[in-house]
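Peer 1: The file below is work.csv, CSV, C-alpha atoms and all ligand atoms:
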chain,number,residue,atom,x,y,z
A,1,MET,CA,-13.4,2.3,-11.2
A,2,ILE,CA,-11.4,4.7,-9.2
A,3,SER,CA,-8.4,6.7,-10.6
A,4,GLY,CA,-5.2,7.5,-8.9
A,5,SER,CA,-2.2,9.6,-9.7
A,6,CYS,CA,1.0,11.1,-8.3
A,7,LEU,CA,1.5,14.7,-7.5
A,8,CYS,CA,2.9,15.7,-10.9
A,9,GLY,CA,0.6,13.5,-13.0
A,10,ASP,CA,3.3,11.4,-14.7
A,11,VAL,CA,2.0,8.3,-12.9
A,12,ALA,CA,-1.6,7.4,-13.3
A,13,PHE,CA,-3.6,4.3,-12.8
A,14,GLU,CA,-7.1,3.0,-12.1
A,15,ILE,CA,-8.5,0.3,-9.8
A,16,ASP,CA,-11.7,-1.7,-9.7
A,17,GLU,CA,-12.6,-1.3,-6.1
A,18,SER,CA,-14.4,-4.7,-6.1
A,19,GLY,CA,-10.8,-6.1,-6.0
A,20,ILE,CA,-9.8,-4.5,-2.7
A,21,LEU,CA,-8.9,-7.3,-0.3
A,22,MET,CA,-7.8,-5.2,2.6
A,23,SER,CA,-6.8,-1.7,3.7
A,24,ASN,CA,-4.0,-1.4,6.3
A,25,ASN,CA,-1.9,1.1,8.0
A,26,CYS,CA,1.8,0.4,8.6
A,27,SER,CA,3.9,2.2,11.2
A,28,CYS,CA,7.2,0.5,10.4
A,29,THR,CA,10.2,2.7,10.3
A,30,ASN,CA,10.5,2.5,6.5
A,31,CYS,CA,6.9,3.5,5.9
A,32,ARG,CA,7.4,6.5,8.2
A,33,LYS,CA,10.6,7.6,6.5
A,34,VAL,CA,9.3,7.2,3.0
A,35,SER,CA,6.0,9.0,3.7
A,36,GLY,CA,7.3,11.6,6.1
A,37,ALA,CA,4.1,10.9,8.1
A,38,GLY,CA,3.1,8.7,11.1
A,39,TYR,CA,2.3,5.7,8.9
A,40,GLY,CA,1.6,4.6,5.4
A,41,THR,CA,-2.0,3.6,4.4
A,42,PHE,CA,-2.4,1.0,1.7
A,43,LEU,CA,-5.0,-0.9,-0.2
A,44,GLN,CA,-4.1,-4.5,-1.1
A,45,LEU,CA,-5.6,-5.2,-4.4
A,46,LYS,CA,-6.1,-8.2,-6.7
A,47,PRO,CA,-3.7,-7.7,-9.6
A,48,SER,CA,-6.5,-8.2,-12.2
A,49,CYS,CA,-8.2,-5.1,-10.8
A,50,PHE,CA,-5.3,-2.8,-11.4
A,51,ARG,CA,-4.4,-1.0,-14.6
A,52,TRP,CA,-1.8,1.6,-15.4
A,53,LYS,CA,-3.0,4.6,-17.3
A,54,SER,CA,0.5,5.9,-17.7
A,55,ASP,CA,3.8,4.5,-18.9
A,56,PRO,CA,5.0,2.1,-16.1
A,57,ALA,CA,8.5,3.2,-16.9
A,58,LYS,CA,7.7,6.5,-15.1
A,59,VAL,CA,7.8,4.5,-11.9
A,60,ALA,CA,11.2,4.1,-10.1
A,61,THR,CA,11.9,1.8,-7.2
A,62,TYR,CA,14.1,1.6,-4.2
A,63,GLU,CA,14.9,-1.6,-2.4
A,64,SER,CA,14.3,-0.5,1.2
A,65,SER,CA,14.7,-4.0,2.6
A,66,PRO,CA,15.7,-7.2,0.9
A,67,GLY,CA,13.1,-8.0,-1.8
A,68,ASN,CA,10.9,-5.0,-1.0
A,69,TYR,CA,11.1,-2.5,-3.9
A,70,ARG,CA,9.2,0.7,-2.9
A,71,ALA,CA,7.7,2.3,-5.9
A,72,PHE,CA,7.6,6.1,-6.5
A,73,CYS,CA,7.2,8.6,-9.3
A,74,ALA,CA,10.6,9.2,-10.9
A,75,ARG,CA,9.8,12.9,-11.4
A,76,CYS,CA,7.9,14.1,-8.2
A,77,GLY,CA,8.7,11.3,-5.7
A,78,SER,CA,5.1,10.4,-4.8
A,79,ARG,CA,4.5,6.9,-3.7
A,80,ALA,CA,3.3,4.7,-6.5
A,81,PRO,CA,1.5,1.3,-6.6
A,82,GLN,CA,3.8,-1.7,-6.2
A,83,CYS,CA,3.2,-4.3,-8.8
A,84,GLY,CA,4.8,-7.7,-9.6
A,85,GLN,CA,6.5,-8.3,-6.2
A,86,LEU,CA,3.7,-9.9,-4.3
A,87,PRO,CA,0.5,-11.8,-5.3
A,88,VAL,CA,-1.3,-8.5,-4.7
A,89,VAL,CA,-0.8,-4.9,-5.8
A,90,GLY,CA,0.0,-2.5,-2.9
A,91,VAL,CA,-1.8,0.8,-3.7
A,92,PRO,CA,-0.9,3.9,-1.6
A,93,ALA,CA,-4.3,5.1,-0.4
A,94,GLY,CA,-3.2,8.8,-0.6
A,95,ALA,CA,-2.7,8.5,-4.4
A,96,LEU,CA,-6.4,7.8,-5.0
A,97,ASP,CA,-8.5,10.6,-6.5
A,98,SER,CA,-11.7,9.6,-4.7
A,99,ASP,CA,-13.0,7.5,-1.8
A,100,PRO,CA,-12.5,3.7,-2.4
A,101,GLY,CA,-15.2,3.0,0.3
A,102,VAL,CA,-13.0,0.9,2.5
A,103,ARG,CA,-11.3,2.0,5.7
A,104,PRO,CA,-8.1,0.7,7.2
A,105,ALA,CA,-9.0,-2.3,9.3
A,106,VAL,CA,-5.5,-3.6,10.3
A,107,ALA,CA,-2.4,-1.9,11.6
A,108,PHE,CA,1.1,-3.4,11.1
A,109,TYR,CA,4.2,-2.6,13.1
A,110,ALA,CA,2.2,-0.9,15.9
A,111,GLU,CA,5.2,-1.2,18.2
A,112,SER,CA,7.2,1.0,15.8
A,113,ALA,CA,4.8,3.9,15.9
A,114,ALA,CA,6.3,7.2,16.6
A,115,ALA,CA,5.5,8.7,20.0
A,116,TRP,CA,4.1,11.8,18.3
A,117,CYS,CA,1.8,9.8,16.1
A,118,VAL,CA,-1.8,10.0,17.1
A,119,ALA,CA,-3.1,6.7,16.0
A,120,ASP,CA,-6.5,6.6,14.5
A,121,VAL,CA,-6.6,2.9,13.5
A,122,THR,CA,-9.6,0.8,14.0
A,123,GLY,CA,-9.5,-3.0,14.1
A,124,ASP,CA,-6.6,-5.2,14.9
A,125,ALA,CA,-3.1,-3.8,15.6
A,126,TYR,CA,-0.1,-6.2,15.3
A,127,PRO,CA,3.2,-5.3,17.0
A,128,GLN,CA,5.0,-6.3,13.8
A,129,MET,CA,3.7,-8.2,10.8
A,130,PRO,CA,0.6,-10.3,11.4
A,131,PRO,CA,1.1,-14.0,12.0
A,132,PRO,CA,1.0,-16.7,9.3
A,133,GLU,CA,-2.7,-17.5,10.1
A,134,PHE,CA,-3.6,-13.9,9.1
A,135,TRP,CA,-1.8,-14.3,5.8
A,136,ALA,CA,-3.3,-17.7,5.1
A,137,GLU,CA,-6.8,-16.2,5.5
A,138,PHE,CA,-5.8,-13.2,3.4
A,139,MET,CA,-4.4,-15.2,0.6
A,140,GLY,CA,-7.6,-17.3,0.6
A,141,LYS,CA,-9.5,-14.2,-0.5
A,142,LEU,CA,-7.3,-14.1,-3.7
A,143,GLN,CA,-9.0,-17.2,-5.0
B,201,ZN,ZN,4.8,12.4,-10.3
B,202,ZN,ZN,5.6,-0.4,6.7
Taking this structure as input, can you express it in the form of structure tokens?
Peer 2:
Amino acid sequence: MISGSCLCGDVAFEIDESGILMSNNCSCTNCRKVSGAGYGTFLQLKPSCFRWKSDPAKVATYESSPGNYRAFCARCGSRAPQCGQLPVVGVPAGALDSDPGVRPAVAFYAESAAAWCVADVTGDAYPQMPPPEFWAEFMGKLQ
């Protein structure tokens, strides 16, 4: 198990790293804005491998695009895991307290990367979201 937390500690959780399906970077404009960095890095996790260690009510959300509610600590503003929106839990990698052992293998929205961003992504880079075939294979791992 690996623990994660926000900057102030109000939001805490743990994950079973055996449930990590993928790690990806995303350079979309919204990920850049919300992180203040070149891209966001996420772990996509089986929901059964996620557990809150704090009151989920400490997490606030903002609908950055239709149906996408970005989660953050209501007190300190750190990104928080996004639960209940997709078949997977999106965990911000920077919130983890130790190394999950996986590395980002896919980059989303590469065409939106900032000119000043020095990309360090290995693996496949997609100009926007990956195509349906990618997601079909990904969802197959959920079984
Ligand atoms: Zn916090
Ligand atoms: Zn993004």
Peer 1: Could I get the residue neighbourhood of ligand ZN 202 (chain B) at 12 Å, counting all atoms listed in the file, as a PyMOL selection string?
Peer 2: chain A and resi 24-35+37-42+64-65+68+70+90+92+107-113+126-129
Peer 1: At most 10 Å is the cut-off: for each residue in chain A with any atom that close to an atom of ligand ZN 201 (chain B), write down the nearest atom pair and the distance in Å rounded to one decimal, counting only C-alpha atoms and all ligand atoms, chain first then increasing number, as a tab-separated table.
Peer 2:
residue	atom	partner	partner_atom	distance
A:Ser5	CA	B:ZN201	ZN	7.6
A:Cys6	CA	B:ZN201	ZN	4.5
A:Leu7	CA	B:ZN201	ZN	4.9
A:Cys8	CA	B:ZN201	ZN	3.9
A:Gly9	CA	B:ZN201	ZN	5.1
A:Asp10	CA	B:ZN201	ZN	4.8
A:Val11	CA	B:ZN201	ZN	5.6
A:Ala12	CA	B:ZN201	ZN	8.7
A:Lys58	CA	B:ZN201	ZN	8.1
A:Val59	CA	B:ZN201	ZN	8.6
A:Phe72	CA	B:ZN201	ZN	7.9
A:Cys73	CA	B:ZN201	ZN	4.6
A:Ala74	CA	B:ZN201	ZN	6.7
A:Arg75	CA	B:ZN201	ZN	5.1
A:Cys76	CA	B:ZN201	ZN	4.1
A:Gly77	CA	B:ZN201	ZN	6.1
A:Ser78	CA	B:ZN201	ZN	5.9
A:Arg79	CA	B:ZN201	ZN	8.6
A:Ala80	CA	B:ZN201	ZN	8.7
Peer 1: Between A:Gly4, A:Pro87, A:Pro66, A:Gly101, which is the closest to Ser18 in chain A once you count only C-alpha atoms?
Peer 2: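 Looking at the shortest contact to Ser18 in chain A, the residue is A:Gly101.
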Peer 1: Between A:Ala105, A:Glu137, A:Gln82, A:Leu96, which has the minimum distance to Ala125 in chain A (counting all atoms listed in the file)?
Peer 2: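 Looking only at the distances to Ala125 in chain A, the closest residue turns out to be A:Ala105.
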Peer 1: State, in Å with one decimal place, the distance from CA of Met1 in chain A to CA of Val106 in chain A.
Peer 2: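 Between CA of Met1 in chain A and CA of Val106 in chain A the gap is 23.7 Å.
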Peer 1: Report, in Å with one decimal, the straight-line distance from CA of Glu133 in chain A to CA of Gly84 in chain A.
Peer 2: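 Computed distance, CA of Glu133 in chain A to CA of Gly84 in chain A, equals 23.2 Å.
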Peer 1: Tell me, in Å to one decimal, how far CA of Pro56 in chain A is from CA of Ile20 in chain A.
Peer 2: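 These two atoms are separated by 21.0 Å.
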Peer 1: Which residue, A:Pro104, A:Gly123, A:Gly140, A:Pro132, has the smallest gap to Met22 in chain A when you use all atoms listed in the file?
Peer 2: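 Nearest candidate to Met22 in chain A out of A:Pro104, A:Gly123, A:Gly140, A:Pro132: A:Pro104.
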